[in-house]
Amino acid sequence: MNFNRILGTLILGTAFCASAESGPDPLSAWQDTAAKESIQSWVAGATQAGGSSFIPANKRYVVFDNDGTLWPEAPLTFQVQFAIDEIKRLAPDHPEWQKDPVVKAVLDNDMKALVKSGKKGLMQLMILTHSGMTTEEYAKRVRHWLDTSQHPRFGCHYDQLAYLPMKQLLDYLRDNGFKTWIVSGGGIDFMRVFAEQMYGIAPEQVIGSFALSDFAITKQGSEIRKTMKGAYYDDEAAKP
């Protein structure tokens, strides 16, 4: 079932900076339309033993995109916004960045120049903000950003911006024996920081873009450091 196609039926206003109990209707944030009815009918058929649409419990998997499906992605995906905010936070400690046109575009809030830089510019943002640190340090940076940054339009933290109808749908599916997964173009390490708290989706059930990491033994013990080597963009035709 393609849940992306039915997003137009959501009451989006209930999703922002708010949480709500579903009450007797587990999909109370959904409008009473054919889309909601089709979901309920599909779940009923999938869980009715002996029926033609029955799905055994060990095969009940439902996969969701993240950006634009479970939380907003416009005007920028939140991971790109994280990278932009990290450039601004870290730039004073990196004078060598000043000649980088991508950094200059970020510091000047010149979104036209940033967009014009294309995938090459995006990759440079990722190199500067998503590599050269341990995986633990990166997770701390993402968590700090989520805890301290607010969305300019909605005025709340980014991890409060899950679509309420979709959160209800995730719970509804799990209550009926389905395992919920994310397959997204977003970075695995980025999404795994918040996926369980926001969506109830365990880190090992999040699939996304990634790059190879380096393992090393140091005086402090072992560590895994993020790099951009072998970067794989898990989107469009590349998605599993």
# chains A, B, ... in the order shown; residues from 1 in each chain; ligands from 1

call {"tool": "select_by_dssp", "arguments": {"residues": "region 5-208 of chain A", "states": "strand (DSSP E)", "output": "PyMOL selection string"}}
result
chain A and resi 61-64+179-187+206-208

call {"tool": "write_last_selection", "arguments": {"atoms": "N, CA and C atoms", "output": "compact mmCIF listing (two decimals), in the first residue's frame"}}
result
# COMPACT_ATOMS: atom_id res chain seq x y z
N TYR A 61 5.40 -6.26 7.25
CA TYR A 61 6.34 -5.15 7.22
C TYR A 61 5.73 -3.99 6.44
N VAL A 62 5.82 -2.80 6.99
CA VAL A 62 5.38 -1.60 6.28
C VAL A 62 6.53 -0.61 6.29
N VAL A 63 6.86 -0.07 5.13
CA VAL A 63 8.03 0.79 4.95
C VAL A 63 7.58 2.21 4.61
N PHE A 64 8.17 3.18 5.29
CA PHE A 64 7.84 4.59 5.09
C PHE A 64 9.06 5.39 4.67
N LYS A 179 5.52 -4.58 11.59
CA LYS A 179 6.80 -3.97 11.90
C LYS A 179 6.97 -2.78 10.97
N THR A 180 7.31 -1.63 11.53
CA THR A 180 7.43 -0.40 10.74
C THR A 180 8.89 -0.05 10.53
N TRP A 181 9.22 0.29 9.29
CA TRP A 181 10.59 0.62 8.89
C TRP A 181 10.61 1.97 8.20
N ILE A 182 11.78 2.60 8.20
CA ILE A 182 12.02 3.81 7.40
C ILE A 182 13.07 3.48 6.35
N VAL A 183 12.79 3.84 5.10
CA VAL A 183 13.78 3.78 4.03
C VAL A 183 13.79 5.17 3.40
N SER A 184 14.87 5.91 3.58
CA SER A 184 14.90 7.33 3.26
C SER A 184 16.21 7.74 2.62
N GLY A 185 16.19 8.86 1.93
CA GLY A 185 17.42 9.45 1.43
C GLY A 185 18.23 10.11 2.53
N GLY A 186 17.60 10.35 3.69
CA GLY A 186 18.31 10.92 4.82
C GLY A 186 19.40 10.01 5.33
N GLY A 187 20.35 10.59 6.05
CA GLY A 187 21.47 9.80 6.56
C GLY A 187 21.05 8.86 7.68
N VAL A 206 15.94 1.47 10.52
CA VAL A 206 16.08 2.69 9.74
C VAL A 206 17.16 2.47 8.68
N ILE A 207 16.79 2.62 7.43
CA ILE A 207 17.71 2.47 6.30
C ILE A 207 17.81 3.82 5.61
N GLY A 208 19.04 4.26 5.33
CA GLY A 208 19.22 5.56 4.70
C GLY A 208 20.56 5.67 4.02

call {"tool": "select_by_dssp", "arguments": {"residues": "region 46-215 of chain A", "states": "alpha helix (DSSP H)", "output": "VMD selection string"}}
result
chain A and resid 46 to 47 78 to 90 101 to 107 111 to 116 118 to 130 135 to 148 164 to 175 188 to 191 195 to 199

call {"tool": "closest_atom_pairs", "arguments": {"of": "region 38-85 of chain A", "to": "region 154-169 of chain A", "cutoff": "9 Å", "atoms": "only C-alpha atoms", "output": "JSON lines"}}
result
{"residue": "A:Thr69", "atom": "CA", "partner": "A:Met166", "partner_atom": "CA", "distance": 7.7}
{"residue": "A:Leu70", "atom": "CA", "partner": "A:Ala162", "partner_atom": "CA", "distance": 5.7}
{"residue": "A:Trp71", "atom": "CA", "partner": "A:Ala162", "partner_atom": "CA", "distance": 4.5}
{"residue": "A:Pro72", "atom": "CA", "partner": "A:Leu161", "partner_atom": "CA", "distance": 7.3}
{"residue": "A:Phe78", "atom": "CA", "partner": "A:Tyr158", "partner_atom": "CA", "distance": 7.6}

call {"tool": "write_last_selection", "arguments": {"atoms": "N, CA, C and O atoms", "output": "mmCIF file, in the first residue's frame"}}
result
data_model
loop_
_atom_site.group_PDB
_atom_site.id
_atom_site.type_symbol
_atom_site.label_atom_id
_atom_site.label_comp_id
_atom_site.auth_asym_id
_atom_site.auth_seq_id
_atom_site.Cartn_x
_atom_site.Cartn_y
_atom_site.Cartn_z
ATOM 1 N N THR A 69 7.045 12.708 4.400
ATOM 2 C CA THR A 69 6.058 11.672 4.700
ATOM 3 C C THR A 69 5.782 11.601 6.200
ATOM 4 O O THR A 69 4.630 11.692 6.624
ATOM 5 N N LEU A 70 6.840 11.453 6.999
ATOM 6 C CA LEU A 70 6.670 11.409 8.448
ATOM 7 C C LEU A 70 6.883 12.778 9.088
ATOM 8 O O LEU A 70 6.357 13.051 10.165
ATOM 9 N N TRP A 71 7.695 13.617 8.442
ATOM 10 C CA TRP A 71 7.823 15.012 8.880
ATOM 11 C C TRP A 71 8.052 15.876 7.642
ATOM 12 O O TRP A 71 8.273 15.350 6.545
ATOM 13 N N PRO A 72 7.954 17.215 7.747
ATOM 14 C CA PRO A 72 8.047 18.083 6.562
ATOM 15 C C PRO A 72 9.427 18.042 5.917
ATOM 16 O O PRO A 72 10.421 17.651 6.541
ATOM 17 N N PHE A 78 15.307 18.676 6.739
ATOM 18 C CA PHE A 78 15.835 19.070 8.039
ATOM 19 C C PHE A 78 17.309 18.728 8.178
ATOM 20 O O PHE A 78 18.042 19.412 8.906
#

call {"tool": "residues_around", "arguments": {"residues": "region 29-37 of chain A", "least_positions_apart": "2", "cutoff": "6 Å", "atoms": "only C-alpha atoms", "output": "ChimeraX atom specification"}}
result
/A:10,27,39-40,165

call {"tool": "closest_residue", "arguments": {"among": "A:Tyr199, A:Leu170, A:Ile84, A:Ala44", "to": "Asp110 (chain A)", "atoms": "only C-alpha atoms"}}
result
A:Ile84

call {"tool": "closest_residue", "arguments": {"among": "A:Ser209, A:Gly200, A:Pro92, A:Ser222", "to": "Lys239 (chain A)", "atoms": "only C-alpha atoms"}}
result
A:Ser209

call {"tool": "closest_residue", "arguments": {"among": "A:Gln205, A:Asn66, A:Thr218, A:Thr47", "to": "Gly177 (chain A)", "atoms": "only C-alpha atoms"}}
result
A:Thr47

call {"tool": "residues_around", "arguments": {"residues": "Trp42 (chain A)", "least_positions_apart": "4", "cutoff": "12 Å", "atoms": "only C-alpha atoms", "output": "JSON, numbers by chain"}}
result
{"A": [1, 2, 3, 34, 35, 36, 37, 38, 46, 47, 48, 51, 52, 53, 54, 55, 173, 176]}

call {"tool": "atom_distance", "arguments": {"atom1": "CA of Leu212 (chain A)", "atom2": "CA of Ala231 (chain A)"}}
result
6.8 Å

call {"tool": "residues_around", "arguments": {"residues": "region 114-116 of chain A", "least_positions_apart": "2", "cutoff": "12 Å", "atoms": "only C-alpha atoms", "output": "PyMOL selection string"}}
result
chain A and resi 75-76+80+84+100-112+118-125

call {"tool": "write_last_selection", "arguments": {"atoms": "N, CA, C and O atoms", "output": "short mmCIF file (atom, residue, chain, number, x, y, z; two decimals), in the first residue's frame"}}
result
data_model
loop_
_atom_site.label_atom_id
_atom_site.label_comp_id
_atom_site.auth_asym_id
_atom_site.auth_seq_id
_atom_site.Cartn_x
_atom_site.Cartn_y
_atom_site.Cartn_z
N PRO A 75 10.96 24.28 3.23
CA PRO A 75 11.64 24.46 1.95
C PRO A 75 12.95 23.67 1.84
O PRO A 75 13.48 23.51 0.76
N LEU A 76 13.48 23.21 3.00
CA LEU A 76 14.69 22.39 3.00
C LEU A 76 14.42 21.13 3.82
O LEU A 76 13.65 21.16 4.78
N VAL A 80 19.57 18.97 5.81
CA VAL A 80 20.29 20.06 5.16
C VAL A 80 20.29 21.29 6.07
O VAL A 80 21.30 21.99 6.19
N ILE A 84 23.51 23.35 7.52
CA ILE A 84 23.65 24.81 7.43
C ILE A 84 23.91 25.42 8.81
O ILE A 84 24.80 26.25 8.99
N ASP A 100 35.92 29.06 1.05
CA ASP A 100 35.04 28.06 0.43
C ASP A 100 33.75 28.74 0.01
O ASP A 100 33.02 29.30 0.84
N PRO A 101 33.42 28.74 -1.30
CA PRO A 101 32.21 29.43 -1.77
C PRO A 101 30.92 28.88 -1.16
O PRO A 101 29.95 29.63 -0.98
N VAL A 102 30.90 27.59 -0.85
CA VAL A 102 29.69 27.01 -0.23
C VAL A 102 29.53 27.56 1.18
O VAL A 102 28.42 27.92 1.60
N VAL A 103 30.61 27.62 1.93
CA VAL A 103 30.56 28.18 3.28
C VAL A 103 30.15 29.65 3.22
O VAL A 103 29.32 30.11 4.02
N LYS A 104 30.72 30.38 2.26
CA LYS A 104 30.37 31.80 2.13
C LYS A 104 28.88 31.96 1.84
O LYS A 104 28.23 32.86 2.39
N ALA A 105 28.33 31.10 0.98
CA ALA A 105 26.91 31.18 0.68
C ALA A 105 26.07 30.95 1.93
O ALA A 105 25.07 31.64 2.16
N VAL A 106 26.48 30.00 2.75
CA VAL A 106 25.75 29.71 3.98
C VAL A 106 25.84 30.89 4.93
O VAL A 106 24.82 31.35 5.48
N LEU A 107 27.04 31.43 5.14
CA LEU A 107 27.22 32.52 6.09
C LEU A 107 26.53 33.80 5.62
O LEU A 107 26.11 34.62 6.45
N ASP A 108 26.40 33.96 4.30
CA ASP A 108 25.71 35.13 3.75
C ASP A 108 24.21 34.91 3.60
O ASP A 108 23.50 35.80 3.10
N ASN A 109 23.74 33.72 4.01
CA ASN A 109 22.33 33.36 3.81
C ASN A 109 21.90 33.50 2.36
O ASN A 109 20.78 33.90 2.05
N ASP A 110 22.82 33.17 1.46
CA ASP A 110 22.58 33.28 0.02
C ASP A 110 22.10 31.92 -0.50
O ASP A 110 22.89 31.12 -1.00
N MET A 111 20.81 31.68 -0.38
CA MET A 111 20.27 30.38 -0.75
C MET A 111 20.34 30.15 -2.26
O MET A 111 20.48 29.01 -2.71
N LYS A 112 20.27 31.21 -3.06
CA LYS A 112 20.37 31.06 -4.51
C LYS A 112 21.74 30.50 -4.88
O LYS A 112 21.84 29.59 -5.72
N GLY A 118 24.56 23.00 -6.42
CA GLY A 118 24.09 21.67 -6.77
C GLY A 118 24.59 20.57 -5.85
O GLY A 118 24.89 20.80 -4.67
N LYS A 119 24.67 19.36 -6.39
CA LYS A 119 25.08 18.21 -5.59
C LYS A 119 26.51 18.36 -5.08
O LYS A 119 26.84 17.87 -3.99
N LYS A 120 27.36 19.02 -5.86
CA LYS A 120 28.73 19.23 -5.43
C LYS A 120 28.76 20.07 -4.16
O LYS A 120 29.50 19.78 -3.21
N GLY A 121 27.94 21.12 -4.14
CA GLY A 121 27.87 21.97 -2.96
C GLY A 121 27.29 21.24 -1.77
O GLY A 121 27.76 21.38 -0.64
N LEU A 122 26.25 20.43 -2.02
CA LEU A 122 25.65 19.65 -0.95
C LEU A 122 26.66 18.67 -0.36
O LEU A 122 26.75 18.51 0.86
N MET A 123 27.43 18.03 -1.22
CA MET A 123 28.45 17.10 -0.75
C MET A 123 29.49 17.82 0.11
O MET A 123 29.95 17.28 1.13
N GLN A 124 29.84 19.04 -0.27
CA GLN A 124 30.80 19.80 0.53
C GLN A 124 30.24 20.11 1.91
O GLN A 124 30.94 20.02 2.92
N LEU A 125 28.95 20.44 1.98
CA LEU A 125 28.31 20.65 3.27
C LEU A 125 28.39 19.39 4.12
O LEU A 125 28.65 19.45 5.33
#
